[in-house]
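*Asks:* Got a structure for you, questions after.
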Amino acid sequence: MIKVEDKLFQNRYKVDAGHPHISIKNPDICQNDCKSLACTVCCPAGCYTEEGNGKIVLITDGCLECGTCRVICSEHRNVDWEYPRGGYGILFKFG
Amino acid sequence: MEKFDAIVVGAGPSGNAAAYTLAKAGLKVLQIERGEYPGSKNVQGAILYSDALERIIPDFREDAPLERHIVEQQMWVLDDESYVGSTYRSAEFNREPYNRYTIIRAQFDKWFSKKVQDAGALLICETTVSDLILDGNRVIGVQADREGGAIYADIVILADGVNSLLAKKAGFHPELDPRDVALAVKEIHFLPQETVEARFNIGEDEGVVIEMVGKITKGMMGTGFLYTNKESITIGVGCMLSDFKQQKTTPYALLEEMKAHPAIRPLIAGGEMKEYTGHLIPEGGYKAIPKIYGDGWLMVGDAAMFVNAVHREGSNLAMTSGRLAAETVIALKEQGKFMTEANLALYREKLDESFLMKDLKKYKEMPGILHKNPQFFTTYPELLNKAAHSMLTVDGVDKKTKEREIRRNFVGKRSLFGLMGDAFKMWRAFE
């Protein structure tokens, strides 16, 4: 089992504590209506995890700001996605 | 209130090309970048094609941070345990001026940005543009996330990358279609310079590029890549987002499995992984190009879907479109014309005349064909590798029997019509 945390550990972040730049608009939609839960598979930083019963937990601290979750939630458009405030978020050392 | 001739949103290759060209021509330019420094939010493989930059900064080689010039290009078609490959290496690529280089974007973008500032543009970092300011349908400025954040200009150039939220919020673009973007993940592994050079049979400053297709993407439409930097190796894999959505492998698991391939593992062995990145690549091609100009705005680079996925070109299209956008603005200024949609159509004309649109047009059918025909990423790599394995194993079976067996495999997997159809599709796509 590959732990994405081990990879993200190498990255540099300036976390905007208390101001996550991505949020789930309506958690009930993930739990009740979404069949694919594609965000839990496709997010390259593993920010989305399913807590059994279809409830999705989103922790944006490791976010690579790629936009995958927003684009992939195409049936329900249930992801509210903004860029982090200026200067915050991932800070690529090499890119 | 301070007003600028032009505001450029973003300091990647397209934004820097635009801001540099505008500032050089004496325009009053403001460039806004959300990262701590230019490059800190940017991700690329990364290969720099000299030509596009040379047309902007002819003597860039004097001080640009370049890793290695490419002398060898490999293409691998992989099965689970093997690959069939082709290599092109030429002493020609070792003669100056070099045609392409590996670069590290965080360093390169910082360098390019310094040139932009030296040319006279004003750069503000750590500032996210949250909205465009509209007067009816006309863009008249931007709203930045800092105090007194409303800033005005005659033209706003959107160089805000693949996730152009600004164009979506203003209603210029719909949301991206998962079929039009690829998700790529990659890692950078550090090794001593001598190890890189010995391992890839290259001299100082020489570099190798390996592009890969086949079983590594598990049937998804995508490619893998490995690039040599000065004292590191970049390795990654990218697949269409619509394909990722339909299966259960995470991007990082895909990358791990690729790194464990018996032909790839020894190339990165002993390296120290220092960064893991993920990024979307706009690969929808010509048919997916959105609206790229309107009253008071122009769009350049990834935001405009300017990537030639077949040839793995993007940053050169970004720089070219940035330059052409700037030249459009300069021309209109000189003629005393307003930045209206009708006048800015000149930008589209310039793009159409350049290699950029010509190349995108040439491959306009490619994304559609590859989407509908996953056999190019699974069946063919497998058949090709089996055929090579059979012909290269000496086991007492005569060659004619082996050939018959290979032919039977191909026809069995794809049928004669399938094979002819695939050949025709590829011919049409490349024609």
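Residues are referred to by chain and number: the chain letter is A, B, ... according to the order shown in the structure tokens, the number counts from 1 in that chain, and ligands are numbered separately from 1 in the order shown.
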Near chain B, meaning an atom within 6 Å, which residues of chain A appear when counting only C-alpha atoms? Write them as a ChimeraX atom specification.

*Replies:* /A:7,10-11,38,41-42,44,66,86-87,91-92,94-95

*Asks:* Select from segment 131-224 of chain B everything DSSP, run on the backbone, classes as alpha helix (DSSP H), then give the selection as a ChimeraX atom specification.

*Replies:* /B:165-169,193-199

*Asks:* Just list as number ranges by chain whatever in segment 248-414 of chain B DSSP marks as strand (DSSP E or B).

*Replies:* B: 272-282, 293-294, 297-299, 308, 313

*Asks:* Would you kindly return, as an NGL selection string, each protein, DNA or RNA residue with an atom no farther than 10 Å from any atom of Asp205 of chain B, considering only C-alpha atoms and excluding same-chain residues fewer than 3 positions away?

*Replies:* :B and (66-71 or 94 or 101-102 or 193 or 197 or 202 or 228-230)

*Asks:* Report as a ChimeraX atom specification all protein, DNA and RNA residues lying within 12 Å of Gln143 of chain B, evaluated on only C-alpha atoms, omitting residues in the same chain fewer than 2 positions from it.

*Replies:* /B:7,9,32,127-134,139-141,145-153,156,166

*Asks:* Compile the contact shell of Asn53 of chain A as a list in words: residues with an atom at most 12 Å away, counting only C-alpha atoms, same-chain residues fewer than 6 positions apart removed.

*Replies:* Asp28, Cys30, Gln31, Asn32, Cys34, Lys35 and Leu37 of chain A

*Asks:* Please determine, counting only C-alpha atoms, which residue among A:Gly52, A:Ile22, A:Lys93, A:Pro84 has the shortest atom-to-atom distance to Cys69 of chain A.

*Replies:*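 Answer, going by the shortest atom-to-atom distance: A:Ile22.
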
*Asks:* Figure out the distance between atom CA of Ser86 of chain B and atom CA of Ala263 of chain B, please, to one decimal in Å.

*Replies:*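 Between atom CA of Ala263 of chain B and atom CA of Ser86 of chain B the gap works out to 14.3 Å.
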
*Asks:* Counting only C-alpha atoms, what is within 9 Å of segment 288-293 of chain B, bar same-chain residues fewer than 3 positions away, as a ChimeraX atom specification?

*Replies:* /B:172-174,180,282-285,296-300,303-306,341,344-345,347-348
